[in-house]
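work-v7.cif (mmCIF, C-alpha atoms and all ligand atoms) appears below.
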```cif
data_protein
#
loop_
_atom_site.label_atom_id
_atom_site.label_comp_id
_atom_site.auth_asym_id
_atom_site.auth_seq_id
_atom_site.Cartn_x
_atom_site.Cartn_y
_atom_site.Cartn_z
CA MET D 28 117.47 -28.73 88.99
CA PRO D 29 117.95 -32.24 90.39
CA LEU D 30 121.46 -32.79 89.03
CA PRO D 31 123.55 -35.44 90.81
CA SER D 32 125.73 -32.80 92.44
CA ASP D 33 122.68 -31.63 94.37
CA THR D 34 122.28 -33.23 97.75
CA ASN D 35 119.00 -34.97 97.24
CA LYS D 36 119.21 -37.62 99.94
CA ALA D 37 116.01 -39.56 99.33
CA ALA D 38 116.71 -43.11 98.12
CA PRO D 39 115.89 -43.16 94.41
CA LEU D 40 112.88 -45.13 93.25
CA ARG D 41 112.93 -47.75 90.50
CA PRO D 42 112.97 -48.02 87.58
CA PHE D 43 116.53 -46.79 86.95
CA VAL D 44 117.25 -46.10 83.29
CA LEU D 45 120.52 -45.32 81.54
CA GLY D 46 120.17 -43.01 78.53
CA ILE D 47 122.71 -42.45 75.75
CA GLU D 48 122.67 -39.52 73.32
CA THR D 49 124.90 -39.44 70.20
CA SER D 50 122.62 -38.03 67.49
CA CYS D 51 124.68 -34.93 66.73
CA ASP D 52 127.77 -33.35 68.29
CA GLU D 53 127.33 -34.17 71.96
CA THR D 54 128.31 -37.51 73.45
CA ALA D 55 126.12 -37.77 76.51
CA ALA D 56 124.89 -40.29 79.04
CA ALA D 57 122.86 -40.14 82.24
CA ILE D 58 120.98 -42.33 84.67
CA VAL D 59 117.59 -41.24 86.02
CA SER D 60 115.11 -42.73 88.47
CA ALA D 61 111.31 -42.85 88.53
CA ASP D 62 111.19 -40.13 91.19
CA LYS D 63 112.99 -37.73 88.82
CA GLN D 64 116.47 -37.92 90.33
CA ILE D 65 119.36 -37.58 87.93
CA LEU D 66 121.76 -40.09 89.45
CA ALA D 67 124.58 -39.39 87.00
CA HIS D 68 124.92 -36.94 84.13
CA ARG D 69 127.77 -36.38 81.66
CA VAL D 70 127.89 -34.38 78.44
CA LEU D 71 131.02 -34.28 76.31
CA SER D 72 130.85 -31.48 73.78
CA GLN D 73 132.67 -31.79 70.45
CA ILE D 74 132.80 -28.02 69.90
CA GLU D 75 136.59 -27.95 69.52
CA ALA D 76 136.61 -30.67 66.88
CA HIS D 77 133.97 -28.99 64.71
CA SER D 78 134.63 -25.30 65.20
CA PRO D 79 137.35 -25.03 62.50
CA TYR D 80 134.63 -26.06 60.02
CA GLY D 81 131.92 -23.73 61.37
CA GLY D 82 129.45 -26.61 61.69
CA VAL D 83 129.10 -30.29 62.53
CA VAL D 84 131.10 -32.66 60.31
CA PRO D 85 129.26 -36.03 60.49
CA GLU D 86 132.35 -38.26 60.11
CA ILE D 87 134.24 -36.37 62.80
CA ALA D 88 131.20 -36.56 65.08
CA ALA D 89 130.88 -40.33 64.66
CA ARG D 90 134.60 -40.87 65.37
CA GLN D 91 134.45 -38.73 68.48
CA HIS D 92 131.45 -40.69 69.75
CA ILE D 93 133.35 -43.96 69.20
CA THR D 94 136.40 -42.63 71.04
CA ASN D 95 134.50 -41.19 73.99
CA LEU D 96 131.37 -43.19 74.67
CA ASP D 97 132.92 -46.16 76.52
CA HIS D 98 134.74 -43.88 78.98
CA LEU D 99 131.67 -41.76 79.43
CA LEU D 100 129.56 -44.79 80.28
CA ARG D 101 132.10 -45.99 82.79
CA ASP D 102 132.13 -42.52 84.40
CA VAL D 103 128.34 -42.40 84.58
CA LEU D 104 128.15 -45.81 86.26
CA ILE D 105 130.86 -44.80 88.75
CA GLU D 106 129.09 -41.51 89.47
CA SER D 107 125.79 -43.28 90.15
CA GLY D 108 127.48 -46.01 92.20
CA MET D 109 125.60 -48.59 90.11
CA SER D 110 126.54 -51.56 88.00
CA LEU D 111 124.87 -52.31 84.67
CA GLY D 112 123.04 -55.16 86.39
CA GLU D 113 121.31 -52.73 88.77
CA LEU D 114 119.68 -50.82 85.92
CA ASP D 115 116.18 -51.65 84.75
CA ALA D 116 116.60 -50.60 81.11
CA VAL D 117 119.07 -49.02 78.70
CA ALA D 118 117.82 -46.33 76.31
CA ALA D 119 119.54 -44.63 73.39
CA THR D 120 118.62 -42.01 70.82
CA THR D 121 117.74 -44.08 67.76
CA GLY D 122 116.78 -41.13 65.53
CA PRO D 123 116.42 -38.62 64.05
CA GLY D 124 120.00 -37.47 63.63
CA LEU D 125 123.34 -38.17 61.96
CA VAL D 126 123.27 -41.86 61.27
CA GLY D 127 126.96 -42.53 62.00
CA GLY D 128 126.62 -41.14 65.51
CA LEU D 129 123.26 -42.87 66.07
CA MET D 130 124.85 -46.22 65.18
CA VAL D 131 127.56 -45.74 67.79
CA GLY D 132 125.05 -44.94 70.55
CA VAL D 133 122.53 -47.61 69.59
CA MET D 134 125.11 -50.41 69.20
CA THR D 135 126.74 -49.51 72.51
CA ALA D 136 123.38 -49.36 74.30
CA LYS D 137 122.24 -52.66 72.81
CA ALA D 138 125.53 -54.33 73.80
CA ALA D 139 125.22 -53.00 77.37
CA ALA D 140 121.57 -54.06 77.56
CA ARG D 141 122.32 -57.54 76.20
CA ALA D 142 125.32 -57.99 78.52
CA ALA D 143 123.16 -57.16 81.55
CA ASP D 144 120.07 -58.93 80.23
CA LYS D 145 118.01 -55.73 80.34
CA PRO D 146 115.59 -54.30 77.77
CA PHE D 147 116.79 -51.79 75.20
CA VAL D 148 114.50 -48.78 74.65
CA ALA D 149 114.76 -46.93 71.31
CA VAL D 150 114.15 -43.22 72.00
CA ASN D 151 113.14 -40.59 69.49
CA HIS D 152 115.42 -37.60 70.13
CA LEU D 153 112.49 -35.21 69.72
CA GLU D 154 110.51 -37.14 72.32
CA GLY D 155 113.50 -36.70 74.63
CA HIS D 156 113.19 -32.90 74.26
CA ALA D 157 109.39 -33.11 74.46
CA LEU D 158 109.33 -34.93 77.80
CA THR D 159 112.27 -33.25 79.59
CA ALA D 160 110.00 -30.76 81.35
CA ARG D 161 108.28 -33.72 83.04
CA LEU D 162 111.65 -34.73 84.49
CA THR D 163 112.39 -31.30 85.89
CA GLU D 164 108.84 -30.32 86.90
CA ASP D 165 105.54 -32.02 87.63
CA ILE D 166 103.65 -31.34 84.42
CA SER D 167 100.68 -33.45 83.38
CA PHE D 168 99.40 -34.14 79.89
CA PRO D 169 98.13 -32.51 77.77
CA TYR D 170 100.48 -29.59 77.15
CA LEU D 171 101.39 -27.32 74.28
CA LEU D 172 105.00 -27.79 73.16
CA LEU D 173 107.22 -25.41 71.23
CA LEU D 174 110.20 -27.49 70.14
CA VAL D 175 113.03 -25.29 68.92
CA SER D 176 116.38 -26.90 68.13
CA GLY D 177 119.12 -27.05 65.52
CA GLY D 178 117.18 -29.38 63.27
CA HIS D 179 113.55 -28.71 64.18
CA CYS D 180 110.97 -26.04 64.83
CA GLN D 181 107.51 -27.32 65.66
CA LEU D 182 104.41 -26.62 67.70
CA LEU D 183 102.81 -29.78 69.04
CA ALA D 184 99.93 -30.81 71.25
CA VAL D 185 101.42 -33.40 73.60
CA HIS D 186 98.57 -35.69 74.64
CA GLY D 187 100.69 -38.39 76.26
CA VAL D 188 103.86 -40.47 75.89
CA GLY D 189 104.02 -41.39 72.20
CA ASN D 190 100.94 -39.29 71.45
CA TYR D 191 101.91 -36.11 69.61
CA GLU D 192 99.79 -33.96 67.35
CA ARG D 193 101.68 -31.52 65.17
CA LEU D 194 100.03 -28.09 64.93
CA GLY D 195 102.72 -26.49 62.80
CA SER D 196 106.36 -26.68 61.77
CA THR D 197 108.97 -24.88 59.75
CA ILE D 198 108.56 -24.92 56.00
CA ASP D 199 112.28 -24.29 55.48
CA ASP D 200 115.02 -23.72 58.09
CA ALA D 201 114.86 -24.74 61.73
CA VAL D 202 115.23 -21.84 64.15
CA GLY D 203 118.55 -23.09 65.56
CA GLU D 204 119.80 -23.47 62.01
CA ALA D 205 118.94 -19.79 61.40
CA PHE D 206 120.97 -18.83 64.49
CA ASP D 207 123.89 -21.01 63.35
CA LYS D 208 123.87 -19.67 59.79
CA THR D 209 123.58 -16.07 60.98
CA ALA D 210 126.56 -16.57 63.30
CA LYS D 211 128.60 -18.15 60.54
CA LEU D 212 128.00 -15.39 58.03
CA LEU D 213 128.80 -12.74 60.66
CA GLY D 214 132.06 -14.51 61.49
CA LEU D 215 130.94 -15.42 65.01
CA GLU D 216 132.08 -18.54 66.82
CA TYR D 217 130.47 -21.95 66.45
CA PRO D 218 128.00 -22.94 67.89
CA GLY D 219 126.03 -19.99 66.62
CA GLY D 220 123.10 -19.71 69.03
CA PRO D 221 125.04 -18.71 72.15
CA SER D 222 127.35 -16.44 70.06
CA VAL D 223 124.43 -14.54 68.55
CA GLU D 224 122.75 -14.22 71.94
CA LYS D 225 125.95 -12.84 73.47
CA ALA D 226 126.62 -10.39 70.62
CA ALA D 227 122.99 -9.20 70.74
CA LEU D 228 123.37 -8.08 74.36
CA SER D 229 125.23 -4.94 73.30
CA GLY D 230 123.24 -4.33 70.10
CA ASP D 231 120.33 -2.12 69.06
CA GLU D 232 117.43 -4.47 68.26
CA ASN D 233 115.54 -1.73 66.45
CA ARG D 234 118.24 -0.75 63.97
CA PHE D 235 117.30 -3.24 61.23
CA ALA D 236 113.81 -4.35 60.20
CA PHE D 237 114.07 -7.92 58.99
CA PRO D 238 111.29 -9.79 57.16
CA LYS D 239 108.85 -11.95 59.11
CA PRO D 240 107.49 -14.56 56.70
CA LEU D 241 104.08 -16.03 57.64
CA PHE D 242 103.59 -13.30 60.29
CA ASN D 243 99.87 -12.87 61.05
CA LYS D 244 99.00 -15.64 58.60
CA PRO D 245 96.62 -18.34 59.86
CA GLY D 246 98.07 -21.59 61.16
CA CYS D 247 101.21 -22.38 63.12
CA ASP D 248 103.90 -22.90 60.49
CA PHE D 249 107.23 -21.08 60.57
CA SER D 250 109.65 -19.83 57.94
CA PHE D 251 113.17 -18.56 58.58
CA SER D 252 115.06 -18.80 55.29
CA GLY D 253 114.08 -15.27 54.18
CA LEU D 254 115.34 -13.90 57.47
CA LYS D 255 118.70 -15.54 57.00
CA THR D 256 119.00 -14.07 53.48
CA ALA D 257 118.08 -10.59 54.78
CA VAL D 258 120.77 -10.88 57.45
CA ARG D 259 123.33 -11.73 54.77
CA ARG D 260 122.33 -8.77 52.59
CA THR D 261 122.39 -6.40 55.58
CA ALA D 262 125.84 -7.62 56.64
CA GLU D 263 127.14 -7.19 53.09
CA ALA D 264 125.68 -3.68 52.87
CA CYS D 265 127.26 -2.66 56.20
CA ALA D 266 130.62 -4.10 55.17
CA GLU D 267 130.49 -2.31 51.83
CA LYS D 268 129.66 1.03 53.43
CA ASP D 269 132.31 0.92 56.15
CA GLY D 270 134.95 -1.25 54.49
CA ALA D 271 134.37 -4.02 57.01
CA LEU D 272 131.67 -5.21 59.36
CA SER D 273 132.15 -3.30 62.62
CA HIS D 274 131.63 -4.71 66.08
CA ALA D 275 128.59 -2.43 66.49
CA ASP D 276 127.09 -3.52 63.15
CA ARG D 277 127.47 -7.15 64.17
CA ALA D 278 125.83 -6.56 67.54
CA ASP D 279 122.97 -4.59 65.97
CA ILE D 280 122.35 -7.30 63.36
CA CYS D 281 122.33 -10.00 66.06
CA ALA D 282 119.95 -8.02 68.27
CA SER D 283 117.61 -7.22 65.35
CA PHE D 284 117.74 -10.85 64.19
CA GLN D 285 116.93 -12.16 67.66
CA LYS D 286 114.07 -9.71 68.08
CA THR D 287 112.62 -10.81 64.72
CA VAL D 288 112.91 -14.49 65.66
CA ALA D 289 111.13 -13.76 68.95
CA GLU D 290 108.32 -11.91 67.15
CA CYS D 291 107.87 -14.78 64.70
CA LEU D 292 107.81 -17.41 67.45
CA VAL D 293 105.37 -15.40 69.56
CA ASN D 294 103.11 -14.74 66.58
CA ARG D 295 102.85 -18.43 65.67
CA LEU D 296 102.51 -19.36 69.34
CA LYS D 297 99.47 -17.09 69.67
CA ASN D 298 97.64 -19.07 67.00
CA ALA D 299 98.75 -22.35 68.56
CA THR D 300 97.44 -21.41 72.01
CA LYS D 301 94.00 -20.77 70.51
CA ILE D 302 94.00 -24.03 68.54
CA PHE D 303 95.24 -25.98 71.56
CA ARG D 304 92.67 -24.40 73.85
CA ALA D 305 89.90 -25.29 71.42
CA LYS D 306 91.10 -28.92 71.55
CA VAL D 307 91.63 -29.42 75.26
CA GLY D 308 89.48 -26.82 77.05
CA GLU D 309 89.56 -23.72 79.21
CA GLY D 310 91.58 -22.91 82.31
CA SER D 311 95.30 -22.45 82.80
CA LEU D 312 97.11 -24.73 80.37
CA PRO D 313 100.84 -25.49 80.27
CA LEU D 314 103.21 -24.29 77.55
CA VAL D 315 106.53 -26.16 77.42
CA VAL D 316 109.45 -24.77 75.43
CA ALA D 317 112.20 -27.27 74.72
CA GLY D 318 115.28 -27.87 72.55
CA GLY D 319 118.62 -26.08 72.29
CA VAL D 320 117.17 -22.70 71.30
CA ALA D 321 115.12 -22.71 74.51
CA ALA D 322 118.44 -21.99 76.23
CA ASN D 323 118.20 -18.41 74.89
CA ALA D 324 117.29 -16.09 77.78
CA TYR D 325 115.89 -13.33 75.54
CA LEU D 326 113.55 -15.74 73.74
CA ARG D 327 112.53 -17.37 77.01
CA ASP D 328 111.47 -14.00 78.39
CA LYS D 329 109.41 -13.13 75.31
CA LEU D 330 107.77 -16.56 75.19
CA LYS D 331 107.02 -16.44 78.89
CA ALA D 332 105.23 -13.10 78.46
CA ALA D 333 103.28 -14.45 75.47
CA ALA D 334 102.28 -17.54 77.47
CA ALA D 335 100.99 -15.40 80.33
CA GLU D 336 98.98 -13.26 77.93
CA ALA D 337 97.30 -16.36 76.51
CA GLY D 338 96.56 -17.73 79.99
CA PHE D 339 99.21 -20.45 79.82
CA SER D 340 101.76 -21.37 82.49
CA PHE D 341 105.32 -21.32 81.14
CA HIS D 342 107.78 -24.19 81.54
CA ALA D 343 111.25 -24.60 80.10
CA PRO D 344 113.91 -27.04 81.29
CA PRO D 345 116.99 -25.61 83.00
CA ILE D 346 119.53 -24.40 80.40
CA ALA D 347 121.76 -27.49 80.78
CA LEU D 348 118.84 -29.74 79.86
CA CYS D 349 117.66 -27.64 76.88
CA THR D 350 120.63 -28.55 74.69
CA ASP D 351 121.26 -32.22 73.92
CA ASN D 352 121.98 -34.39 76.96
CA GLY D 353 121.65 -37.95 78.24
CA ALA D 354 119.09 -37.24 80.97
CA MET D 355 116.41 -36.37 78.43
CA ILE D 356 116.96 -39.69 76.67
CA ALA D 357 117.07 -41.64 79.93
CA TRP D 358 113.84 -39.95 81.05
CA ALA D 359 111.99 -40.58 77.76
CA GLY D 360 113.22 -44.19 77.98
CA LEU D 361 111.94 -44.38 81.56
CA GLU D 362 108.54 -43.01 80.57
CA ARG D 363 108.30 -45.59 77.77
CA PHE D 364 109.50 -48.42 80.01
CA SER D 365 107.05 -47.42 82.77
CA ALA D 366 104.17 -47.37 80.27
CA ASP D 367 105.12 -50.82 78.98
CA PRO D 368 107.55 -52.83 81.17
CA SER D 369 107.68 -55.57 78.52
CA ILE D 370 109.17 -53.13 75.98
CA ASN D 371 112.28 -54.27 74.12
CA ASP D 372 113.28 -52.48 70.91
CA TYR D 373 116.29 -54.69 70.29
CA THR D 374 115.47 -55.14 66.62
CA MET D 375 115.08 -51.41 65.92
CA ALA D 376 117.77 -49.86 63.73
CA PRO D 377 118.94 -46.22 63.79
CA ARG D 378 117.01 -43.90 61.50
CA ALA D 379 118.09 -40.49 60.18
CA ARG D 380 114.48 -39.32 59.95
CA TRP D 381 111.80 -40.13 62.49
CA PRO D 382 108.90 -37.67 62.88
CA LEU D 383 107.26 -37.59 66.29
CA ASP D 384 103.79 -37.77 64.80
CA ALA D 385 104.67 -40.44 62.22
CA ASP D 386 101.08 -41.23 61.26
CA ALA D 387 100.11 -37.63 60.58
CA ALA D 388 103.33 -36.45 58.91
CA PRO D 389 102.35 -34.80 55.65
CA LEU D 390 105.05 -35.33 53.06
CA VAL D 391 104.97 -32.13 51.05
CA GLY D 392 107.68 -32.13 48.42
CA LYS D 393 111.24 -32.50 49.59
CA GLY D 394 111.37 -29.60 52.03
CA LYS D 395 111.41 -29.77 55.78
CA LYS D 396 107.65 -29.80 55.81
CA GLY D 397 108.18 -33.49 55.21
CA ALA D 398 109.59 -36.09 57.55
CA LYS D 399 112.38 -33.87 58.91
CA ALA D 400 109.89 -31.29 60.10
O1 LIG S 501 118.66 -29.38 70.91
P1 LIG S 501 120.02 -29.11 70.39
O2 LIG S 501 121.17 -29.18 71.36
O3 LIG S 501 120.36 -30.07 69.21
C1 LIG S 501 119.43 -30.44 68.26
O4 LIG S 501 118.62 -31.33 68.58
O5 LIG S 501 119.44 -29.79 67.19
O6 LIG S 501 119.97 -27.68 69.71
C2 LIG S 501 121.10 -27.12 69.15
C3 LIG S 501 120.72 -25.79 68.57
C4 LIG S 501 121.84 -25.15 67.77
O7 LIG S 501 121.30 -24.65 66.56
C5 LIG S 501 122.29 -24.03 68.67
O8 LIG S 501 122.86 -22.92 67.98
C6 LIG S 501 121.00 -23.67 69.36
O9 LIG S 501 120.38 -24.89 69.63
N1 LIG S 501 121.25 -22.93 70.61
C7 LIG S 501 120.85 -21.67 70.81
C8 LIG S 501 121.35 -21.31 72.09
N2 LIG S 501 122.01 -22.38 72.61
C9 LIG S 501 121.93 -23.37 71.69
N3 LIG S 501 120.15 -20.84 70.03
C10 LIG S 501 119.92 -19.58 70.52
N4 LIG S 501 120.38 -19.16 71.71
C11 LIG S 501 121.09 -19.98 72.53
N5 LIG S 501 121.53 -19.55 73.71
ZN ZN S 502 118.30 -31.90 70.31
#
```
What does this structure look like when you write it as structure tokens?
Amino acid sequence: MPLPSDTNKAAPLRPFVLGIETSCDETAAAIVSADKQILAHRVLSQIEAHSPYGGVVPEIAARQHITNLDHLLRDVLIESGMSLGELDAVAATTGPGLVGGLMVGVMTAKAAARAADKPFVAVNHLEGHALTARLTEDISFPYLLLLVSGGHCQLLAVHGVGNYERLGSTIDDAVGEAFDKTAKLLGLEYPGGPSVEKAALSGDENRFAFPKPLFNKPGCDFSFSGLKTAVRRTAEACAEKDGALSHADRADICASFQKTVAECLVNRLKNATKIFRAKVGEGSLPLVVAGGVAANAYLRDKLKAAAAEAGFSFHAPPIALCTDNGAMIAWAGLERFSADPSINDYTMAPRARWPLDADAAPLVGKGKKGAKA
């Protein structure tokens, strides 16, 4: 992965774009160049601040971003050896996300852009995840994207920058949310995804049969809330039988949960590969998996095998660029700036909800099948 610590000696090519990410519980910034070099890269996790609460507390997150962002920006500029004036654009996550944190990142980015007389690029966080694989590999459009994060679970046809066609999405919980809730109810450490993955390593994935809503149904939608409820009931039953949840019970539940998630993702992916192929044609097509949950090695393996079976090449960013980071925002900003060098989103305000495929977003009731999906 072209992180700045790597000794890539070629002089970077313009444009150079600074990206800022503050939509959830990571304060992050990075500078990238047109030839895909990451010239500086910092991520400050807020895990310690939120872990006593077992989840992200929006007010605490916003305060931490305020406290840390200025220093982080200074560090990123020092690391890149650049001044603000040498950048070509400043990008920041402008949504979707926790609005307090978004305001901190967007205001800081706009101030930096204005001070240096550079354009500000408003980046959709989901577009940051969607395009990261083009920073780390040479992947051309169109590609099939499985976006799996703490707030989202979608299958999309990516036709180009800003051109996304949603094939399916969760009708209730996001997949990362299911990991986080499972971890919390099993008493595992926050953040839940890595804890569940670690506990699952020593577990028996065949001990519990959890429900797989929408399995083998047509279409590409997902559902995870029933799975979460089944995990809770199973944990309660184990605890009742043995007096307390044992280490082995916990590991077996995690392994069985993870296996079920993998089966659900693969099942929906199978339908999506057929739909995508019908849209864009035959031959080897790319599947990109992105978002925090794509950091899970077990799921990556299963998805890779499913991709191969469907005749797709498999691409996932390196682990450090799956979870939220500044490079993905800088890169999406760079792609937008390159497509339209006169871009300037200075008047755009942060938005808690911002679907990638805004025009096509079906608003069904109040669930996540609406704008949040
Ligand atoms: O993309 P991300 O950093 O933030 C959002 O945009 O939501 O994703 C965070 C989510 C969390 O739910 C976290 O538990 C999950 O990604 N996650 C994982 C793993 N690492 C992070 N889920 C499963 N296995 C992992 N190794
Ligand atoms: Zn994210």
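Here atom N4 of ligand LIG 501 (chain S) and atom CA of Val84 of chain D stand 20.7 Å from one another.
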Contacts to ligand LIG 501 (chain S) at 6 Å cut-off (all atoms listed in the file) as a PyMOL selection string
chain D and resi 176-178+203-204+206-207+218-221+224+318-320+322-323+350-351
Closest pair table for chain D residues within 12 Å of ligand ZN 502 (chain S), only C-alpha atoms and all ligand atoms, as CSV:
```
residue,atom,partner,partner_atom,distance
D:Glu48,CA,S:ZN502,ZN,9.3
D:Thr49,CA,S:ZN502,ZN,10.0
D:Ser50,CA,S:ZN502,ZN,8.0
D:Cys51,CA,S:ZN502,ZN,7.9
D:Asp52,CA,S:ZN502,ZN,9.8
D:Glu53,CA,S:ZN502,ZN,9.5
D:Thr54,CA,S:ZN502,ZN,11.9
D:Ala55,CA,S:ZN502,ZN,11.6
D:Thr120,CA,S:ZN502,ZN,10.1
D:Gly122,CA,S:ZN502,ZN,10.5
D:Pro123,CA,S:ZN502,ZN,9.4
D:Gly124,CA,S:ZN502,ZN,8.9
D:Leu125,CA,S:ZN502,ZN,11.6
D:Asn151,CA,S:ZN502,ZN,10.1
D:His152,CA,S:ZN502,ZN,6.4
D:Leu153,CA,S:ZN502,ZN,6.7
D:Glu154,CA,S:ZN502,ZN,9.6
D:Gly155,CA,S:ZN502,ZN,8.0
D:His156,CA,S:ZN502,ZN,6.5
D:Ala157,CA,S:ZN502,ZN,9.9
D:Thr159,CA,S:ZN502,ZN,11.1
D:Leu174,CA,S:ZN502,ZN,9.2
D:Val175,CA,S:ZN502,ZN,8.6
D:Ser176,CA,S:ZN502,ZN,5.8
D:Gly177,CA,S:ZN502,ZN,6.9
D:Gly178,CA,S:ZN502,ZN,7.6
D:His179,CA,S:ZN502,ZN,8.4
D:Cys180,CA,S:ZN502,ZN,10.9
D:Ala201,CA,S:ZN502,ZN,11.7
D:Gly203,CA,S:ZN502,ZN,10.0
D:Glu204,CA,S:ZN502,ZN,11.9
D:Ala317,CA,S:ZN502,ZN,8.8
D:Gly318,CA,S:ZN502,ZN,5.5
D:Gly319,CA,S:ZN502,ZN,6.2
D:Val320,CA,S:ZN502,ZN,9.3
D:Ala321,CA,S:ZN502,ZN,10.6
D:Ala322,CA,S:ZN502,ZN,11.5
D:Ala347,CA,S:ZN502,ZN,11.9
D:Leu348,CA,S:ZN502,ZN,9.8
D:Cys349,CA,S:ZN502,ZN,7.9
D:Thr350,CA,S:ZN502,ZN,6.0
D:Asp351,CA,S:ZN502,ZN,4.7
D:Asn352,CA,S:ZN502,ZN,8.0
D:Gly353,CA,S:ZN502,ZN,10.5
D:Ala354,CA,S:ZN502,ZN,11.9
D:Met355,CA,S:ZN502,ZN,9.5
D:Ile356,CA,S:ZN502,ZN,10.1
```
Can you work out the spacing between atom CA of Ser167 of chain D and atom CA of Thr121 of chain D in Å, to one decimal?
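Between atom CA of Ser167 of chain D and atom CA of Thr121 of chain D the gap is 25.5 Å.
The interatomic distance for the pair atom CA of Pro382 of chain D and atom CA of Ala299 of chain D works out to 19.2 Å.
With all atoms listed in the file as the atoms that count, the residue of D:Asp372, D:Asp231, D:Glu86, D:Asp115 with the shortest distance to His274 of chain D is D:Asp231.
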In terms of all atoms listed in the file, the residue from D:Ala266, D:Leu330, D:Gly308, D:Ala324 at minimal distance from Cys291 of chain D is D:Leu330
Any chance you could work out the axis-aligned box around segment 43-60 of chain D, listed atoms only, 3 Å on each side, giving centre and edge lengths in Å to one decimal, as AutoDock Vina command-line options?
```
--center_x 121.7 --center_y -40.1 --center_z 77.6 --size_x 19.2 --size_y 19.4 --size_z 27.7
```
Out of D:Arg161, D:Arg277, D:Lys268, D:Lys137, which residue has the shortest atom-to-atom distance to Gly187 of chain D when counting all atoms listed in the file?
D:Arg161
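For the set D:Ile65, D:Leu212, D:Val315, D:Ala337, the residue with the smallest atom-to-atom gap to Asn298 of chain D is D:Ala337, counting all atoms listed in the file.
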Give as a ChimeraX atom specification every residue, naming chains and numbers as the document does, that has an atom within 7 Å of (115.0, -47.9, 76.5), counting all atoms listed in the file.
/D:116-119,146-150,360-361,364
Which residues come within 12 Å of Pro39 of chain D, counting all atoms listed in the file, excluding same-chain residues fewer than 2 positions away, as a list in words?
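Surrounding residues, per the criterion: Pro29, Pro31, Asn35, Lys36, Ala37, Arg41, Pro42, Phe43, Val44, Ile58, Val59, Ser60, Ala61, Asp62, Lys63, Gln64, Ile65, Leu66, Ser107 and Met109 of chain D.
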D:Thr163, D:Asn95, D:Ala385, D:Arg90: which is nearest Gly127 of chain D, counting all atoms listed in the file?
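Nearest to Gly127 of chain D: D:Arg90.
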Can you pull out every residue within 9 Å of Leu292 of chain D, counting all atoms listed in the file, but drop anything in the same chain fewer than 4 positions away, and send it as a list of chain:residue names?
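Once the adjacent positions are removed, what remains is D:Leu173, D:Phe249, D:Thr287, D:Val288, D:Leu296, D:Lys297, D:Leu326, D:Leu330.
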Using all atoms listed in the file, which of D:Ser283, D:Gln91, D:Thr197, D:Asn190 sits nearest Phe235 of chain D?
D:Ser283
